[in-house]
Each structure stands twice: as C-alpha cells, then as structure tokens.
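Data block for input36.cif (mmCIF, C-alpha atoms):
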data_start
#
loop_
_atom_site.label_atom_id
_atom_site.label_comp_id
_atom_site.auth_asym_id
_atom_site.auth_seq_id
_atom_site.Cartn_x
_atom_site.Cartn_y
_atom_site.Cartn_z
CA MET Z 16 20.30 7.66 46.31
CA SER Z 17 17.59 8.08 43.71
CA LYS Z 18 17.79 11.01 41.32
CA HIS Z 19 15.22 13.76 41.78
CA VAL Z 20 12.66 14.00 38.97
CA ASP Z 21 11.00 17.33 38.26
CA PRO Z 22 7.22 17.39 37.88
CA ASP Z 23 6.11 16.31 34.40
CA THR Z 24 4.04 19.27 33.23
CA VAL Z 25 2.64 17.41 30.21
CA LEU Z 26 1.31 14.46 32.19
CA LEU Z 27 0.15 16.63 35.09
CA THR Z 28 -1.85 18.96 32.84
CA MET Z 29 -3.55 16.21 30.86
CA PRO Z 30 -7.25 15.59 31.52
CA SER Z 31 -8.54 12.22 32.69
CA LEU Z 32 -8.27 9.66 29.88
CA ARG Z 33 -11.55 8.13 31.07
CA ALA Z 34 -13.24 11.50 30.61
CA VAL Z 35 -11.62 11.97 27.20
CA LYS Z 36 -12.82 8.49 26.14
CA ALA Z 37 -16.38 9.40 27.15
CA PHE Z 38 -16.08 12.67 25.22
CA VAL Z 39 -14.80 10.96 22.05
CA ALA Z 40 -17.64 8.43 22.17
CA ALA Z 41 -20.27 11.15 22.67
CA ALA Z 42 -18.83 13.20 19.81
CA LYS Z 43 -18.60 10.17 17.54
CA TYR Z 44 -22.19 9.03 18.12
CA GLN Z 45 -23.63 12.54 18.73
CA SER Z 46 -25.49 11.17 21.72
CA PHE Z 47 -24.72 10.58 25.40
CA THR Z 48 -27.07 7.60 25.39
CA ARG Z 49 -25.40 5.90 22.42
CA ALA Z 50 -21.97 6.71 23.84
CA ALA Z 51 -22.96 4.99 27.08
CA GLU Z 52 -24.14 1.92 25.14
CA ALA Z 53 -20.90 1.82 23.14
CA LEU Z 54 -18.75 1.98 26.28
CA CYS Z 55 -21.05 -0.29 28.35
CA VAL Z 56 -21.59 2.33 31.08
CA SER Z 57 -24.57 4.39 32.23
CA GLN Z 58 -25.64 7.63 30.59
CA ALA Z 59 -25.13 9.33 33.95
CA ALA Z 60 -21.50 8.23 33.92
CA ILE Z 61 -21.00 9.74 30.46
CA SER Z 62 -22.65 13.01 31.49
CA ARG Z 63 -20.52 13.19 34.65
CA GLN Z 64 -17.26 12.53 32.77
CA ILE Z 65 -18.02 15.18 30.16
CA ARG Z 66 -19.08 17.69 32.82
CA ASP Z 67 -15.79 17.09 34.64
CA LEU Z 68 -13.87 17.46 31.35
CA GLU Z 69 -15.60 20.74 30.52
CA GLY Z 70 -14.79 21.98 34.01
CA PHE Z 71 -11.13 20.96 33.57
CA LEU Z 72 -10.88 22.70 30.19
CA GLY Z 73 -12.97 25.70 31.24
CA THR Z 74 -15.14 25.61 28.14
CA LYS Z 75 -18.31 24.08 26.77
CA LEU Z 76 -17.73 21.10 24.42
CA PHE Z 77 -21.30 20.27 23.31
CA ASN Z 78 -24.52 22.00 22.38
CA ARG Z 79 -27.74 20.04 22.81
CA VAL Z 80 -29.87 19.79 19.63
CA GLY Z 81 -33.08 17.91 20.37
CA ARG Z 82 -32.09 14.37 21.37
CA THR Z 83 -28.60 14.71 19.94
CA VAL Z 84 -25.55 16.79 20.79
CA GLU Z 85 -23.27 18.82 18.55
CA LEU Z 86 -19.68 19.81 19.11
CA THR Z 87 -18.89 23.44 19.77
CA SER Z 88 -15.96 24.99 17.91
CA THR Z 89 -13.64 24.21 20.84
CA GLY Z 90 -15.16 20.74 21.08
CA THR Z 91 -14.37 20.12 17.43
CA LEU Z 92 -10.76 21.21 17.97
CA PHE Z 93 -10.38 18.90 20.96
CA PHE Z 94 -12.14 15.98 19.23
CA ASP Z 95 -9.79 16.07 16.23
CA ALA Z 96 -6.75 15.76 18.50
CA ALA Z 97 -8.30 13.26 20.92
CA GLN Z 98 -9.69 10.97 18.19
CA LEU Z 99 -6.31 10.80 16.42
CA SER Z 100 -4.51 10.06 19.68
CA PHE Z 101 -6.90 7.24 20.59
CA VAL Z 102 -6.57 5.73 17.10
CA ASN Z 103 -2.78 5.77 17.41
CA ILE Z 104 -2.94 4.20 20.88
CA ALA Z 105 -5.39 1.51 19.72
CA GLN Z 106 -3.26 0.64 16.68
CA ALA Z 107 -0.08 0.44 18.74
CA ALA Z 108 -1.83 -1.81 21.27
CA GLU Z 109 -3.12 -4.02 18.45
CA ARG Z 110 0.38 -4.38 16.97
CA ILE Z 111 1.75 -5.35 20.39
CA ARG Z 112 -1.00 -7.90 20.91
CA HIS Z 113 -0.30 -9.38 17.47
CA SER Z 114 3.41 -9.56 18.20
CA ARG Z 115 2.68 -11.56 21.35
CA ALA Z 116 0.16 -13.81 19.68
CA GLU Z 117 0.94 -17.34 18.56
CA LYS Z 118 0.57 -16.35 14.89
CA ARG Z 119 3.64 -14.51 13.61
CA VAL Z 120 2.72 -11.45 11.55
CA LEU Z 121 5.26 -10.45 8.92
CA THR Z 122 5.35 -6.88 7.67
CA ILE Z 123 6.18 -6.80 3.97
CA CYS Z 124 6.83 -3.64 1.98
CA CYS Z 125 6.43 -3.69 -1.80
CA SER Z 126 5.10 -1.57 -4.64
CA PRO Z 127 1.32 -1.22 -5.09
CA ALA Z 128 1.62 -3.02 -8.44
CA PHE Z 129 3.46 -6.03 -6.98
CA SER Z 130 0.94 -6.24 -4.15
CA ALA Z 131 -2.12 -6.09 -6.41
CA LEU Z 132 -0.87 -8.04 -9.41
CA TRP Z 133 1.49 -10.65 -7.94
CA LEU Z 134 0.98 -11.13 -4.21
CA SER Z 135 -2.81 -11.12 -4.39
CA ASN Z 136 -2.73 -13.99 -6.89
CA HIS Z 137 -0.39 -16.08 -4.72
CA PHE Z 138 -1.83 -15.37 -1.25
CA PRO Z 139 -4.09 -18.46 -1.23
CA GLU Z 140 -1.15 -20.79 -1.81
CA PHE Z 141 1.04 -19.15 0.84
CA PHE Z 142 -1.68 -19.11 3.50
CA ALA Z 143 -2.65 -22.71 2.74
CA GLN Z 144 0.97 -23.77 3.37
CA ASN Z 145 1.59 -21.39 6.31
CA GLN Z 146 -1.56 -21.12 8.39
CA ASP Z 147 0.41 -19.87 11.41
CA ILE Z 148 1.80 -16.82 9.59
CA GLY Z 149 -0.05 -13.57 9.01
CA LEU Z 150 0.99 -10.84 6.57
CA ASN Z 151 0.82 -7.08 6.98
CA ILE Z 152 1.38 -5.48 3.56
CA ILE Z 153 2.70 -1.92 3.25
CA THR Z 154 2.76 -0.50 -0.28
CA SER Z 155 5.08 2.30 -1.28
CA GLN Z 156 7.10 3.70 -4.17
CA ASN Z 157 9.39 5.61 -1.80
CA PHE Z 158 11.34 2.79 -0.22
CA LEU Z 159 14.25 4.99 0.85
CA THR Z 160 12.22 7.70 2.62
CA MET Z 161 9.57 5.79 4.53
CA GLU Z 162 7.99 7.30 7.61
CA PRO Z 163 9.97 6.98 10.87
CA GLY Z 164 9.44 3.71 12.70
CA ALA Z 165 8.51 1.73 9.59
CA GLU Z 166 10.85 -1.25 9.64
CA PRO Z 167 9.39 -4.07 7.55
CA ASP Z 168 10.62 -7.61 8.01
CA ILE Z 169 10.85 -7.93 4.22
CA PHE Z 170 11.15 -5.58 1.24
CA ILE Z 171 10.33 -6.55 -2.34
CA THR Z 172 11.94 -3.90 -4.50
CA LYS Z 173 14.30 -3.13 -7.38
CA ILE Z 174 16.82 -1.53 -5.03
CA LEU Z 175 19.66 -3.96 -4.26
CA ALA Z 176 20.95 -2.26 -1.08
CA ILE Z 177 17.60 -1.17 0.31
CA ARG Z 178 18.99 -0.06 3.68
CA GLU Z 179 21.51 -1.09 6.29
CA GLY Z 180 20.71 -4.31 8.12
CA TYR Z 181 18.96 -6.09 5.23
CA ARG Z 182 20.21 -8.87 2.97
CA SER Z 183 18.90 -9.06 -0.62
CA TYR Z 184 18.14 -12.09 -2.76
CA PRO Z 185 17.45 -11.80 -6.53
CA LEU Z 186 13.95 -12.72 -7.70
CA CYS Z 187 13.66 -11.96 -11.42
CA TYR Z 188 14.79 -9.66 -14.20
CA ASP Z 189 12.50 -7.60 -16.40
CA ILE Z 190 10.79 -8.75 -19.56
CA ILE Z 191 8.43 -6.08 -20.91
CA TYR Z 192 5.92 -6.45 -23.74
CA PRO Z 193 2.67 -4.80 -24.91
CA VAL Z 194 -0.63 -6.12 -23.55
CA CYS Z 195 -4.27 -5.32 -24.19
CA SER Z 196 -7.65 -6.96 -23.75
CA PRO Z 197 -8.90 -9.53 -26.30
CA GLN Z 198 -11.79 -7.17 -27.07
CA TYR Z 199 -9.43 -4.28 -27.85
CA LEU Z 200 -7.43 -6.57 -30.15
CA GLN Z 201 -10.62 -7.66 -31.90
CA GLN Z 202 -11.66 -4.05 -32.38
CA ASN Z 203 -8.19 -3.05 -33.61
CA PRO Z 204 -6.86 -5.93 -35.75
CA GLY Z 205 -4.02 -3.76 -37.06
CA ILE Z 206 -2.19 -3.92 -33.72
CA THR Z 207 -0.82 -7.38 -34.55
CA HIS Z 208 2.09 -5.45 -36.11
CA LEU Z 209 4.50 -3.07 -34.41
CA LYS Z 210 3.34 -0.07 -36.47
CA GLY Z 211 -0.25 -0.79 -35.50
CA VAL Z 212 0.70 -0.76 -31.83
CA TYR Z 213 2.74 2.40 -32.34
CA ASP Z 214 -0.28 4.21 -33.81
CA SER Z 215 -2.80 2.96 -31.20
CA ALA Z 216 -4.09 4.30 -27.89
CA LEU Z 217 -1.04 3.88 -25.66
CA LEU Z 218 -1.29 3.67 -21.87
CA ASP Z 219 2.00 5.11 -20.66
CA LEU Z 220 3.70 4.77 -17.27
CA SER Z 221 5.01 8.22 -16.31
CA PRO Z 222 8.09 8.67 -14.08
CA TYR Z 223 6.54 11.12 -11.61
CA GLY Z 224 6.81 9.91 -8.02
CA ARG Z 225 8.79 6.86 -9.15
CA SER Z 226 12.33 8.18 -8.73
CA GLN Z 227 13.15 5.42 -6.24
CA VAL Z 228 12.05 2.56 -8.47
CA ALA Z 229 15.42 2.55 -10.28
CA GLU Z 230 15.40 2.74 -14.11
CA HIS Z 231 12.21 3.77 -15.82
CA VAL Z 232 10.75 2.20 -18.95
CA ASP Z 233 7.91 3.96 -20.73
CA TRP Z 234 6.60 3.67 -24.28
CA GLY Z 235 9.30 6.02 -25.55
CA VAL Z 236 12.06 3.86 -24.10
CA TRP Z 237 10.41 0.57 -25.13
CA LEU Z 238 9.89 1.69 -28.72
CA ALA Z 239 13.46 2.97 -28.89
CA PHE Z 240 14.57 -0.64 -28.28
CA GLN Z 241 12.59 -1.47 -31.45
CA ALA Z 242 14.36 1.37 -33.35
CA VAL Z 243 11.13 3.39 -33.40
CA ASP Z 244 10.83 7.05 -32.33
CA LEU Z 245 7.63 7.75 -30.42
CA ASP Z 246 7.78 11.42 -31.46
CA ASP Z 247 7.28 10.43 -35.09
CA ARG Z 248 3.68 9.36 -34.48
CA SER Z 249 1.09 10.96 -36.70
CA ARG Z 250 -0.98 13.76 -35.22
CA ALA Z 251 -4.01 11.68 -36.14
CA SER Z 252 -2.91 8.91 -33.77
CA PRO Z 253 -4.95 8.48 -30.58
CA GLN Z 254 -3.85 10.45 -27.56
CA ILE Z 255 -1.30 8.85 -25.24
CA PHE Z 256 -2.65 8.47 -21.69
CA HIS Z 257 -0.02 9.05 -18.98
CA ALA Z 258 -0.24 7.92 -15.34
CA ASN Z 259 2.26 6.98 -12.65
CA ASP Z 260 -0.14 4.39 -11.22
CA TYR Z 261 0.60 1.06 -12.90
CA ASN Z 262 -2.50 -0.58 -11.46
CA LEU Z 263 -4.61 2.10 -13.17
CA LEU Z 264 -2.94 1.43 -16.52
CA ILE Z 265 -3.58 -2.32 -16.25
CA SER Z 266 -7.18 -1.60 -15.23
CA LEU Z 267 -7.60 0.55 -18.34
CA ALA Z 268 -6.10 -2.19 -20.50
CA LEU Z 269 -8.47 -4.76 -18.97
CA THR Z 270 -11.42 -2.49 -19.80
CA HIS Z 271 -10.44 -2.23 -23.50
CA GLN Z 272 -9.12 1.34 -23.41
CA GLY Z 273 -5.69 0.86 -24.96
CA ILE Z 274 -2.36 -0.94 -24.92
CA ALA Z 275 -0.13 -0.96 -21.83
CA LEU Z 276 3.39 -2.21 -21.31
CA GLY Z 277 3.29 -5.43 -19.32
CA TRP Z 278 6.05 -6.43 -16.94
CA ASN Z 279 6.06 -10.20 -17.29
CA HIS Z 280 6.14 -11.04 -13.56
CA LEU Z 281 3.12 -8.76 -13.01
CA VAL Z 282 0.89 -9.61 -15.99
CA ALA Z 283 1.81 -13.21 -16.82
CA ARG Z 284 -1.13 -14.51 -14.77
CA GLN Z 285 -3.60 -12.25 -16.62
CA VAL Z 286 -2.14 -13.42 -19.94
CA GLU Z 287 -2.42 -17.07 -18.90
CA LEU Z 288 -6.07 -16.54 -17.96
CA GLY Z 289 -6.80 -14.77 -21.24
CA ALA Z 290 -7.82 -11.48 -19.61
CA LEU Z 291 -4.89 -9.85 -21.39
CA VAL Z 292 -3.22 -10.79 -24.67
CA ARG Z 293 0.08 -9.96 -26.35
CA PRO Z 294 -0.83 -8.42 -29.72
CA ILE Z 295 2.78 -8.63 -31.01
CA LYS Z 296 5.72 -10.88 -30.16
CA GLU Z 297 8.27 -8.04 -29.68
CA GLN Z 298 9.55 -7.61 -26.15
CA VAL Z 299 12.37 -5.95 -24.23
CA VAL Z 300 14.54 -8.13 -22.01
CA LEU Z 301 16.59 -6.33 -19.33
CA ARG Z 302 18.79 -9.00 -17.77
CA ASN Z 303 20.54 -6.44 -15.59
CA SER Z 304 17.30 -5.03 -14.20
CA TRP Z 305 16.49 -7.23 -11.20
CA HIS Z 306 13.84 -7.33 -8.51
CA TYR Z 307 14.90 -8.45 -5.02
CA VAL Z 308 13.47 -9.76 -1.79
CA ALA Z 309 15.36 -8.20 1.12
CA CYS Z 310 15.14 -9.59 4.66
CA ARG Z 311 16.23 -7.94 7.88
CA GLU Z 312 19.46 -9.59 8.90
CA ASN Z 313 18.63 -9.64 12.61
CA SER Z 314 15.51 -11.70 11.91
CA GLU Z 315 16.02 -13.41 8.57
CA ASN Z 316 16.70 -16.75 10.28
CA GLU Z 317 13.48 -16.48 12.25
CA ASP Z 318 11.24 -19.29 11.11
CA ALA Z 319 8.42 -17.17 9.63
CA VAL Z 320 10.77 -14.89 7.70
CA ARG Z 321 12.78 -17.84 6.45
CA ARG Z 322 9.65 -19.64 5.28
CA PHE Z 323 8.33 -16.62 3.39
CA ARG Z 324 11.74 -16.01 1.83
CA GLU Z 325 12.10 -19.60 0.69
CA TRP Z 326 8.52 -19.64 -0.60
CA ILE Z 327 8.83 -16.52 -2.74
CA LEU Z 328 12.26 -17.53 -4.03
CA SER Z 329 10.81 -20.88 -5.08
CA LYS Z 330 8.15 -19.07 -7.14
CA PHE Z 331 10.84 -17.39 -9.23
CA SER Z 332 13.67 -19.95 -9.18
CA ARG Z 333 12.56 -21.82 -12.30
CA HIS Z 334 11.70 -18.67 -14.23
CA PRO Z 335 14.05 -15.79 -13.31
CA SER Z 336 12.18 -13.62 -15.80
CA GLY Z 337 9.13 -13.89 -13.51
#

Rewrite the structure from the file as structure tokens, please.
Amino acid sequence: MSKHVDPDTVLLTMPSLRAVKAFVAAAKYQSFTRAAEALCVSQAAISRQIRDLEGFLGTKLFNRVGRTVELTSTGTLFFDAAQLSFVNIAQAAERIRHSRAEKRVLTICCSPAFSALWLSNHFPEFFAQNQDIGLNIITSQNFLTMEPGAEPDIFITKILAIREGYRSYPLCYDIIYPVCSPQYLQQNPGITHLKGVYDSALLDLSPYGRSQVAEHVDWGVWLAFQAVDLDDRSRASPQIFHANDYNLLISLALTHQGIALGWNHLVARQVELGALVRPIKEQVVLRNSWHYVACRENSENEDAVRRFREWILSKFSRHPSG
C-alpha cells in the first residue's frame, strides 16, 4: 500500500514557470516585443502570460512607458528572485549536460595566483595533448571552507590533507626571491645589492584572508632569513605597498612600480621571458614547504583525472622547486 503524501504547499502555490519565463524576458529586455523575439513566441503570448501572472500574484508587475515597460516595485522584487532562480536552474542544467557529454570536464580548485601565473601558461600544452578533456577552474584561498556542494575533482594547494576522500601528491617546494621589471632595475641600479633592495619600493604580500594557505612569507620574513630587520629601514625609504592579492603585486612589478617576492614556480616563466628579472642572487629555500595536487579517491583512477594528474606531476618531477 502506497504511503499517503500531503499536498506540497510550495509547489502548489508556485506560479506557472512558463509565465515566469515570459515575465523575466520582458523585464530583461524592457519590451514585450523583444521578449517575444527572444523566446521565439508571439507578443500576444507574452502579454497573456504576464496578464495571467499578474492575476495570480494579485498585483501589477509593469508600467508602460512609451514603447517600453518598466518594473513596478513589486515587479522588481519578483524579478530579482525569479532571475536568480532561472540562472541557477540554467547553470545546473548546463553542468548536467556537460557531465553527460563525450568530453570529460574536470573541476580543478587552486589559488588565483596559481591559476593566472602557472596554469594559464601551460593550458595550450595540456589541451593539445588532451583534446577530449575540458577544465573548469575554481579559484579560492579558502580551501577548507568552500561553499556547500563544491567538490572539485582536483585541488592544487599547500594543504597536505585537504579533506577526507582525497589523496595528495607532492608537486614542488618553495624557492622565493626578489623580482622586478628590467625597467625598474635600470632606473634603480642600486638594487643589485641586498641593501638597495631593502631600501626600495617593496611590494608586500599581506596575510589577510590567507589563513588557509599555510605558512606566510612576506618581506619581513624573507629579510629575516638574510639577517636583516625590515623595521630598521630609514624613514626616507619608499613606502611599502601591502596587498593580499599576489596577482596584483606581480602586475605592479611588471609595470615598474617596485620589487615583489617571486615564488619560483609562479614567476619562473616571466623571468625566462625577461619580463621580470632577479636583481640579486639571494633567495629563501623552504624544502619543507610543499605544494600538492590532491585527487578525489573515488575518481582518481578515472582516465581524465589520471591523465591530468600524471601531466602536472611530470611538469614538476624534474624540478621539485618548480
């Protein structure tokens, strides 16, 4: 005997989705005619759907202004909720279609800096070798408190045990050295010595919002490895610029605005191309500070995940410093 199900008040009190779709289109294009063209229906059909929706809600949703329409205050309230709901439905449908498509789409979570400075430089090679694999990149600094439902196939992070159900593989350890643009070096020839760097315009990575990136190295820490106290700088020295966005700091360095600390695996390509230079030879090597690629254990043997894992490990295997 089947179990009795009480009436679903949420579903029963919802308006027609067809009418809501017509309303969203009319609000988006501010025209019943353009909404009809966008949905490939007649203007009469749009007008009828919106009239039925207004009758269902018991309120007016649009005011006519010449040949266009404007949302009323209640229309604006309903549009905000309806538009967001349709976007969420469309995105979920798109993800499902992708998951059923022949091309396997891998979701990879990494820091914004790794995405912009490492992955972007190596995408052409990966896609050339794996034309049947697509990548969906999610960038975050908060790997341990991601939004519910976010379960990447792969993490690239400094956290060894990223979360239950993932297996980590070491990529590289940290080598950190000062970098600047060739033009900045030319304009400031004194920075070829440590004291010159110390007294220059320093672009400093602040710790705010980076508590889940493991240990933090800023100019104060880096200079301490060189037995130099950052607080001893002269008051006449240029101001230190602080930001927790590493991409911003590298952008400032590339545009001749100061000296940033360069993590070798992130800036080596720019140094090779000559966009950035190392004004001094001093560096800090942290052999216990590793970056990892972590794969979900219930899918790490899946062909696409395995191929990405083997590819990225091969990029670091010869040079564990990145």

*asked:* Between Z:Leu328, Z:Leu276, Z:Leu281, Z:Leu86, which residue has the minimum interatomic distance to Val194 (chain Z), considering all atoms listed in the file?
replied: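 Checking each of Z:Leu328, Z:Leu276, Z:Leu281, Z:Leu86 against Val194 (chain Z), counting all atoms listed in the file, the winner is Z:Leu276.
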
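Take CA of Val300 (chain Z) and CA of Ile190 (chain Z): the distance between them is 4.5 Å.
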
**Prompt:** For Glu312 (chain Z), which residue among Z:Ile153, Z:Ile169, Z:Leu245, Z:Val212 is the nearest when counting all atoms listed in the file?
**Reply:**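 When distances to Glu312 (chain Z) are compared using all atoms listed in the file, the smallest one comes from Z:Ile169.
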
Given 4 Å on each side, where is the centre and what are the edge lengths in Å to one decimal of the axis-aligned box enclosing the listed atoms of region 62-76 of chain Z, as AutoDock Vina command-line options?
--center_x -16.8 --center_y 19.1 --center_z 29.5 --size_x 19.8 --size_y 21.2 --size_z 18.2

- Coordinates-based distance that separates CA of Ile295 (chain Z) from CA of Gly277 (chain Z) (Å, one decimal):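 Those two atoms sit 12.1 Å apart.
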
(Q) Which residue is closest to Phe93 (chain Z)? Choose from Z:Ser332, Z:Thr74, Z:Thr270, Z:Ser57 and count all atoms listed in the file. (A)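 Going through Z:Ser332, Z:Thr74, Z:Thr270, Z:Ser57 one by one, the smallest distance to Phe93 (chain Z) is for Z:Thr74.
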
Carefully work through the PyMOL selection byres ((chain Z and resi 77) around 9) for this structure and note down the residues it includes, as a list in words.
->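 The output of the PyMOL selection byres ((chain Z and resi 77) around 9) on this file is Ala42, Lys75, Leu76, Asn78, Arg79, Val84, Glu85, Leu86, Thr87, Ser88, Thr89 and Gly90 of chain Z.
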
For the file shown, what are the residues hit by the PyMOL selection byres ((chain Z and resi 98-109) around 10), laid out as a ChimeraX atom specification? /Z:32,35-36,38-40,42-43,93-97,110-115

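Against the coordinates shown, the PyMOL selection byres ((chain Z and resi 62-69) around 8) returns Z:Pro30, Z:Ser31, Z:Arg33, Z:Ala34, Z:Val35, Z:Ala37, Z:Phe38, Z:Phe47, Z:Gln58, Z:Ala59, Z:Ala60, Z:Ile61, Z:Gly70, Z:Phe71, Z:Leu72, Z:Gly73, Z:Thr74, Z:Lys75, Z:Leu76.
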
Inset, instruction - Could you check which of Z:Val282, Z:Leu301, Z:Cys310, Z:Leu150 is closest to Asp189 (chain Z), using only C-alpha atoms? - result: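 Checking each candidate against Asp189 (chain Z), we get Z:Leu301 as the closest.
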
- Query: Of the residues Z:Lys173, Z:Gly273, Z:Gln156, Z:Cys195, which is the one nearest to Asp214 (chain Z), using all atoms listed in the file?
  - Reply: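 Distance minimum relative to Asp214 (chain Z) lands on Z:Gly273.
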